[in-house]
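So this block is structure_26.txt, compact mmCIF, C-alpha atoms:
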# COMPACT_ATOMS: atom_id res chain seq x y z
CA MET A 1 371.04 -18.18 206.72
CA LYS A 2 371.44 -21.94 207.00
CA SER A 3 369.68 -23.88 204.24
CA ASP A 4 369.36 -27.55 203.26
CA TYR A 5 367.82 -26.73 199.89
CA GLU A 6 369.68 -27.30 196.63
CA PHE A 7 368.35 -24.06 195.21
CA SER A 8 369.15 -20.58 196.47
CA VAL A 9 367.22 -19.19 199.44
CA GLN A 10 368.30 -15.78 200.67
CA ARG A 11 366.89 -13.64 203.42
CA LEU A 12 366.51 -10.11 202.10
CA GLU A 13 367.51 -7.24 204.35
CA ASN A 14 365.09 -4.33 204.65
CA ASP A 15 366.83 -2.21 202.02
CA LYS A 16 366.76 -5.10 199.51
CA GLN A 17 363.14 -6.20 199.94
CA VAL A 18 360.78 -6.14 196.96
CA PHE A 19 357.33 -7.27 198.09
CA THR A 20 357.00 -5.31 201.35
CA PRO A 21 357.70 -1.83 199.90
CA THR A 22 355.17 -2.48 197.12
CA LEU A 23 352.57 -3.67 199.62
CA LEU A 24 353.08 -0.60 201.80
CA GLU A 25 352.78 1.71 198.81
CA LEU A 26 349.56 0.00 197.67
CA TRP A 27 348.16 0.28 201.20
CA ARG A 28 349.08 3.94 201.58
CA ASP A 29 347.72 4.76 198.14
CA PHE A 30 344.39 3.13 199.01
CA TYR A 31 344.15 4.78 202.41
CA SER A 32 345.04 8.24 201.11
CA HIS A 33 342.09 8.09 198.70
CA HIS A 34 339.63 6.47 201.10
CA ARG A 35 337.14 8.96 202.49
CA ARG A 36 334.03 8.70 204.61
CA TYR A 37 331.24 11.18 203.97
CA GLY A 38 329.20 12.66 206.79
CA VAL A 39 329.67 11.77 210.43
CA HIS A 40 330.28 8.10 211.17
CA VAL A 41 329.36 6.38 214.44
CA SER A 42 332.96 5.29 215.01
CA SER A 43 334.06 8.93 214.87
CA LEU A 44 331.94 9.72 217.94
CA CYS A 45 332.63 6.63 220.05
CA ASN A 46 336.36 7.09 220.59
CA CYS A 47 337.55 10.71 220.55
CA PRO A 48 335.51 13.04 218.30
CA ARG A 49 338.24 15.67 218.50
CA LYS A 50 340.84 13.24 217.16
CA SER A 51 338.47 12.37 214.30
CA VAL A 52 338.12 16.04 213.38
CA TYR A 53 341.90 16.39 213.31
CA GLU A 54 342.00 13.40 210.97
CA GLU A 55 339.41 14.87 208.61
CA LEU A 56 341.05 18.29 208.47
CA SER A 57 344.55 16.95 207.90
CA THR A 58 346.05 16.09 204.51
CA PHE A 59 348.54 13.46 203.43
CA ALA A 60 352.17 14.29 202.88
CA LYS A 61 353.84 13.20 199.65
CA ASP A 62 354.96 9.81 200.95
CA LYS A 63 351.47 9.14 202.42
CA ARG A 64 352.96 7.87 205.65
CA PHE A 65 352.41 11.20 207.35
CA LYS A 66 349.48 13.53 207.68
CA ILE A 67 349.89 17.28 207.88
CA TYR A 68 347.82 19.53 210.10
CA ASP A 69 348.60 23.19 210.71
CA GLY A 70 352.04 22.79 209.18
CA LYS A 71 353.04 19.84 211.38
CA GLU A 72 353.60 16.27 210.22
CA TYR A 73 352.10 13.40 212.17
CA GLU A 74 353.06 9.78 211.56
CA TRP A 75 349.97 8.08 210.31
CA ILE A 76 350.38 4.88 208.29
CA THR A 77 352.93 2.33 209.46
CA GLU A 78 353.46 -1.39 208.98
CA ILE A 79 351.80 -1.98 212.34
CA THR A 80 348.61 -0.09 211.45
CA MET A 81 348.52 -1.86 208.10
CA LYS A 82 348.85 -5.28 209.74
CA ARG A 83 346.14 -4.59 212.30
CA PHE A 84 343.74 -3.31 209.66
CA LYS A 85 344.31 -6.22 207.28
CA VAL A 86 344.05 -8.91 209.96
CA GLY A 87 340.93 -7.34 211.44
CA SER A 88 339.35 -6.87 208.02
CA ALA A 89 340.06 -10.48 207.04
CA VAL A 90 338.51 -11.84 210.23
CA HIS A 91 335.42 -9.67 209.75
CA LYS A 92 334.94 -10.80 206.16
CA GLU A 93 335.33 -14.49 206.97
CA ILE A 94 332.83 -14.37 209.84
CA GLN A 95 330.38 -12.38 207.74
CA ALA A 96 330.76 -14.89 204.90
CA ASP A 97 329.90 -17.73 207.31
CA PHE A 98 326.63 -16.05 208.30
CA ARG A 99 325.83 -15.13 204.69
CA ARG A 100 326.26 -18.75 203.60
CA ARG A 101 324.02 -19.97 206.37
CA ASP A 102 321.05 -17.74 205.53
CA PRO A 103 321.44 -14.64 203.32
CA GLN A 104 317.81 -13.65 203.92
CA ARG A 105 318.13 -13.70 207.68
CA TYR A 106 321.57 -12.17 208.11
CA GLU A 107 322.23 -8.77 206.55
CA ILE A 108 325.92 -7.93 206.13
CA GLU A 109 327.21 -4.36 206.51
CA LYS A 110 323.73 -3.01 207.11
CA SER A 111 323.70 0.77 206.57
CA VAL A 112 322.02 2.84 209.28
CA MET A 113 321.34 6.57 209.59
CA LEU A 114 320.17 9.05 212.22
CA GLY A 115 320.05 12.57 210.81
CA ASP A 116 323.56 13.24 209.52
CA LEU A 117 324.98 10.28 211.45
CA THR A 118 325.79 7.13 209.50
CA GLY A 119 327.00 3.69 210.45
CA SER A 120 327.44 0.14 209.20
CA ILE A 121 326.43 -2.88 211.26
CA ASP A 122 328.71 -5.90 210.80
CA ILE A 123 325.85 -8.43 210.88
CA TYR A 124 322.13 -7.83 211.49
CA ASP A 125 319.70 -10.63 212.28
CA ASN A 126 316.49 -9.70 210.45
CA PHE A 127 314.50 -12.45 212.17
CA LEU A 128 315.43 -11.68 215.79
CA ASP A 129 316.18 -7.94 215.38
CA VAL A 130 319.68 -8.37 216.83
CA VAL A 131 322.84 -6.38 216.08
CA TYR A 132 326.16 -8.26 215.91
CA ASP A 133 329.39 -6.27 216.17
CA ILE A 134 332.75 -8.01 215.65
CA LYS A 135 335.96 -6.87 217.32
CA THR A 136 339.42 -8.38 216.91
CA SER A 137 341.75 -7.89 219.85
CA THR A 138 345.33 -8.56 220.92
CA GLU A 139 344.41 -7.88 224.54
CA ALA A 140 344.82 -10.71 227.02
CA TYR A 141 341.70 -12.85 227.26
CA SER A 142 341.80 -12.66 231.06
CA THR A 143 341.82 -8.85 230.97
CA VAL A 144 338.65 -8.62 228.89
CA TYR A 145 337.04 -11.49 230.79
CA LEU A 146 337.53 -9.72 234.12
CA ASN A 147 337.15 -6.06 233.10
CA GLY A 148 334.65 -6.33 230.27
CA PRO A 149 334.83 -4.80 226.77
CA LYS A 150 336.30 -1.43 225.90
CA LYS A 151 333.98 1.48 226.51
CA ALA A 152 334.27 2.68 222.91
CA TYR A 153 333.12 -0.75 221.67
CA VAL A 154 330.08 -0.70 223.96
CA ASN A 155 329.28 2.87 222.88
CA GLN A 156 329.41 1.85 219.23
CA ILE A 157 327.07 -1.12 219.46
CA ALA A 158 324.75 0.85 221.77
CA SER A 159 324.58 3.53 219.08
CA TYR A 160 323.56 0.98 216.45
CA ILE A 161 320.94 -0.52 218.77
CA ALA A 162 319.46 2.93 219.45
CA MET A 163 319.62 4.10 215.83
CA ILE A 164 317.49 1.20 214.53
CA ASP A 165 315.63 0.47 217.79
CA ALA A 166 316.95 -3.11 217.82
CA SER A 167 316.04 -5.65 220.48
CA TYR A 168 319.62 -5.98 221.72
CA GLY A 169 323.19 -6.45 220.51
CA ILE A 170 325.94 -9.05 220.74
CA LEU A 171 329.51 -7.75 220.98
CA TYR A 172 331.77 -10.54 219.76
CA TYR A 173 335.48 -10.53 220.66
CA GLN A 174 337.83 -12.57 218.47
CA PHE A 175 341.20 -12.78 220.22
CA LEU A 176 344.41 -12.88 218.21
CA GLY A 177 347.99 -13.74 219.11
CA GLU A 178 349.81 -16.69 220.59
CA ASN A 179 348.86 -15.81 224.18
CA ASN A 180 345.16 -16.33 223.37
CA GLU A 181 345.28 -19.65 221.51
CA ARG A 182 343.37 -21.51 224.24
CA ASN A 183 340.73 -18.79 224.70
CA ILE A 184 339.85 -17.27 221.38
CA HIS A 185 336.51 -15.54 221.82
CA LEU A 186 334.06 -13.87 224.21
CA GLU A 187 330.52 -12.54 223.81
CA PHE A 188 328.78 -9.69 225.60
CA LYS A 189 325.08 -8.94 225.41
CA VAL A 190 324.32 -5.21 225.26
CA SER A 191 320.75 -4.13 226.03
CA LEU A 192 319.10 -0.72 226.27
CA THR A 193 315.69 0.13 227.65
CA THR A 194 313.26 2.17 225.57
CA GLU A 195 314.12 5.26 227.63
CA GLN A 196 317.85 4.65 227.24
CA LYS A 197 317.50 4.34 223.47
CA GLU A 198 315.71 7.69 223.31
CA GLU A 199 318.31 9.40 225.49
CA TRP A 200 321.13 7.84 223.47
CA ARG A 201 319.65 9.10 220.19
CA LYS A 202 319.41 12.62 221.61
CA MET A 203 323.01 12.44 222.79
CA LEU A 204 324.20 11.24 219.38
CA LEU A 205 322.47 14.13 217.61
CA GLU A 206 324.09 16.61 220.01
CA LYS A 207 327.50 15.06 219.36
CA VAL A 208 326.94 15.25 215.60
CA ALA A 209 326.07 18.96 215.81
CA ASN A 210 329.20 19.63 217.87
CA TYR A 211 331.34 17.57 215.47
CA LYS A 212 330.02 19.38 212.38
CA MET A 213 330.58 22.79 213.99
CA ALA A 214 334.23 21.93 214.66
CA LEU A 215 334.64 20.79 211.05
CA GLU A 216 332.95 23.85 209.58
CA GLN A 217 335.05 26.23 211.67
CA LYS A 218 338.17 24.10 211.03
CA ASN A 219 338.92 24.06 214.74
CA PRO A 220 339.25 20.52 216.17
CA ASN A 221 339.44 21.86 219.73
CA LEU A 222 335.78 22.86 219.47
CA ALA A 223 334.90 19.16 219.28
CA GLU A 224 334.42 17.03 222.35
CA GLY A 225 337.66 15.43 223.53
CA CYS A 226 338.17 12.24 225.49
CA TYR A 227 340.65 13.67 228.00
CA ASN A 228 338.14 13.83 230.86
CA ASP A 229 337.17 10.17 230.49
CA LYS A 230 339.26 7.90 232.71
CA GLU A 231 339.05 5.02 230.24
CA LEU A 232 339.14 6.74 226.85
CA VAL A 233 341.98 9.05 227.90
CA THR A 234 344.38 6.22 227.03
CA ILE A 235 343.79 7.31 223.42
CA CYS A 236 345.54 10.57 224.30
CA LYS A 237 348.33 8.79 226.06
CA ASN A 238 349.07 5.97 223.61
CA TYR A 239 347.44 6.38 220.22
CA CYS A 240 346.87 9.99 219.21
CA PRO A 241 349.37 11.60 216.81
CA PHE A 242 347.69 14.98 217.35
CA ALA A 243 348.29 15.18 221.11
CA ASP A 244 350.78 18.06 220.74
CA SER A 245 348.26 20.28 218.96
CA CYS A 246 345.19 19.20 220.92
CA GLN A 247 344.33 21.07 224.10
CA CYS A 248 344.15 17.74 225.88
CA ALA A 249 346.52 18.95 228.58
CA GLU A 250 343.35 20.31 230.22
CA GLY A 251 341.40 18.18 232.65
CA TYR A 252 342.19 14.59 233.47
CA ALA A 253 344.66 13.94 230.65
CA ILE A 254 347.35 16.12 232.27
CA LYS A 255 347.78 13.30 234.82
CA CYS A 256 348.39 10.74 232.12
CA LEU A 257 350.51 12.41 229.44
Structure rendered as C-alpha cells:
Amino acid sequence: MKSDYEFSVQRLENDKQVFTPTLLELWRDFYSHHRRYGVHVSSLCNCPRKSVYEELSTFAKDKRFKIYDGKEYEWITEITMKRFKVGSAVHKEIQADFRRRDPQRYEIEKSVMLGDLTGSIDIYDNFLDVVYDIKTSTEAYSTVYLNGPKKAYVNQIASYIAMIDASYGILYYQFLGENNERNIHLEFKVSLTTEQKEEWRKMLLEKVANYKMALEQKNPNLAEGCYNDKELVTICKNYCPFADSCQCAEGYAIKCL
C-alpha cells in the first residue's frame, strides 16, 4: 500500500484483522441471545412459515449458522450485520429528531397488542393519531417511485393502523447507497376504511392462530407460506435459508426456484 505518512500504515489482510472478528463475535453473541416473545407483526407480514423455522431452529457453536432438523443454515454474515446496524442507526436518529421536537406528541417505539399479537410502532403521533413506519432501502429510487413500496411493508403498517384504529399511516423510505444520493426519501400514505380495519384484525387473529399451531406442533410447514404470492415469493427465491426443508416447491414458487 502506498503511503506518504512518516509513521507505519499497513492494510491488514482478512486473516490478520483484529477489529472485524471481534465485532462479528459481539454481533453474533448478541443476536444468539436476542429473543422475541409471542407473535410479532413482522413475523406475519413476510413469510410466517420462514419465521416459524427461525423460532424452532437453534444456533450452532460459531453462531453463524442455525440448525433445524439436523441441517445447518447460514444465518449471520457480515452483510446481514451491516444492513441491521445501518438500518438501526437511521431509525434511532430519525426517532431522536422527533423526540427532541416534542416528546409529548411523538411516542417512540409504541407497543401495540391484539390478542397474542404484538408490535412496535417506530413513531406515533399522539395529536393526529398517525402511525409512522421507517424503512431503509438499497433499492433504486426509481423502482420504488414507479412500483410503490414492498407489499410486506404495506402489510406491516396496515397491521399497526388496524391494531390501534389509527387515522392513517405514513410509510417513510430512506434510501441508502451512492445510486440514491440525489433522491434520498419517499413517503406513502396508507389508509384503511373502518370495514377494512375490522377485516384486517380478523385476518391477523387467524394468522396468529395458524402460526401458534405450527410452533406448538413443531412443524413449520403447517404455517402459511409465501410461495403462492407473486411478490413475496422472492423471499423463497433470494432470502430464505430454509428453502430446502420448506415445502415451497408447491404452488407458484416452483416457477421461481
Sort by chain and increasing residue number a table of all residues of range 34-123 of chain A within 12 Å of range 154-172 of chain A, each with its closest pair of atoms and their distance in Å to one decimal, counting only C-alpha atoms, and write it as a Markdown table.
| residue | atom | partner | partner_atom | distance |
| --- | --- | --- | --- | --- |
| A:His40 | CA | A:Gln156 | CA | 10.2 |
| A:Val41 | CA | A:Gln156 | CA | 6.6 |
| A:Ser42 | CA | A:Gln156 | CA | 6.5 |
| A:Ser43 | CA | A:Gln156 | CA | 9.5 |
| A:Leu44 | CA | A:Gln156 | CA | 8.4 |
| A:Cys45 | CA | A:Asn155 | CA | 5.8 |
| A:Asn46 | CA | A:Asn155 | CA | 8.6 |
| A:Cys47 | CA | A:Asn155 | CA | 11.6 |
| A:Val90 | CA | A:Tyr172 | CA | 11.7 |
| A:His91 | CA | A:Tyr172 | CA | 10.7 |
| A:Ile94 | CA | A:Tyr172 | CA | 10.7 |
| A:Glu109 | CA | A:Tyr160 | CA | 11.9 |
| A:Lys110 | CA | A:Tyr160 | CA | 10.2 |
| A:Ser111 | CA | A:Tyr160 | CA | 9.9 |
| A:Val112 | CA | A:Met163 | CA | 7.1 |
| A:Met113 | CA | A:Met163 | CA | 6.9 |
| A:Leu114 | CA | A:Met163 | CA | 6.2 |
| A:Gly115 | CA | A:Met163 | CA | 9.9 |
| A:Asp116 | CA | A:Met163 | CA | 11.8 |
| A:Leu117 | CA | A:Met163 | CA | 9.3 |
| A:Thr118 | CA | A:Met163 | CA | 9.3 |
| A:Gly119 | CA | A:Tyr160 | CA | 7.4 |
| A:Ser120 | CA | A:Tyr160 | CA | 8.3 |
| A:Ile121 | CA | A:Tyr160 | CA | 7.1 |
| A:Asp122 | CA | A:Ile157 | CA | 10.0 |
| A:Ile123 | CA | A:Ile170 | CA | 9.9 |
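The residue that comes closest to Ser137 in chain A, out of A:Leu26, A:Val86, A:Ile79, A:Val52 and on the basis of all atoms listed in the file, is A:Val86.
Using only C-alpha atoms, the shortest contact distance between Leu146 in chain A and any of A:Glu6, A:Leu186, A:Asn221, A:Leu176 is found at A:Leu186.
One distance worth recording is that between CA of Asn228 in chain A and CA of Trp75 in chain A, which is 24.4 Å.
Atom to atom, CA of Trp27 in chain A and CA of Phe59 in chain A stand 13.4 Å apart.
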### Using all atoms listed in the file: which of A:Gln17, A:Gln104, A:Gln95, A:Thr80 has the shortest distance to Ile134 in chain A
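Ranking A:Gln17, A:Gln104, A:Gln95, A:Thr80 by distance to Ile134 in chain A, first place goes to A:Gln95.
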### Task
Can you work out which one of A:Val190, A:Leu12, A:Ala223, A:Met81 has the shortest atom-to-atom distance to Glu25 in chain A, counting only C-alpha atoms?
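Between A:Val190, A:Leu12, A:Ala223, A:Met81, the residue approaching Glu25 in chain A most closely is A:Met81.
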### Nearest candidate to Lys63 in chain A (options A:Arg28, A:Lys218, A:Lys151, A:Lys50; using all atoms listed in the file)
A:Arg28
#### Entry: Best match for closeness to Glu216 in chain A among A:Val9, A:Val18, A:Leu24, A:Leu56, counting all atoms listed in the file
A:Leu56
### Task
Excluding Glu72 in chain A and residues on its chain fewer than 6 positions from it, collect all residues at most 10 Å away from it, counting all atoms listed in the file, and give them as a PyMOL selection string.
chain A and resi 57-60+64-66+241-242
### Message
I'd like the interatomic distance between CA of Pro103 in chain A and CA of Leu192 in chain A, to a tenth of an Å.
### Response
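Calculated distance between CA of Pro103 in chain A and CA of Leu192 in chain A is 26.9 Å.
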### Query
Excluding same-chain residues fewer than 5 positions from His185 in chain A, what lies within 7 Å of it counting all atoms listed in the file, as a ChimeraX atom specification?
/A:173-175
### Query
Leaving out range 211-213 of chain A and any residue of its chain fewer than 6 positions from it, which residues lie within 9 Å of it when counting only C-alpha atoms, given as a list in words?
Gly38, Val39, Leu44, Pro48, Arg49, Ser51, Val52, Asn219, Pro220, Leu222, Ala223 and Glu224 of chain A
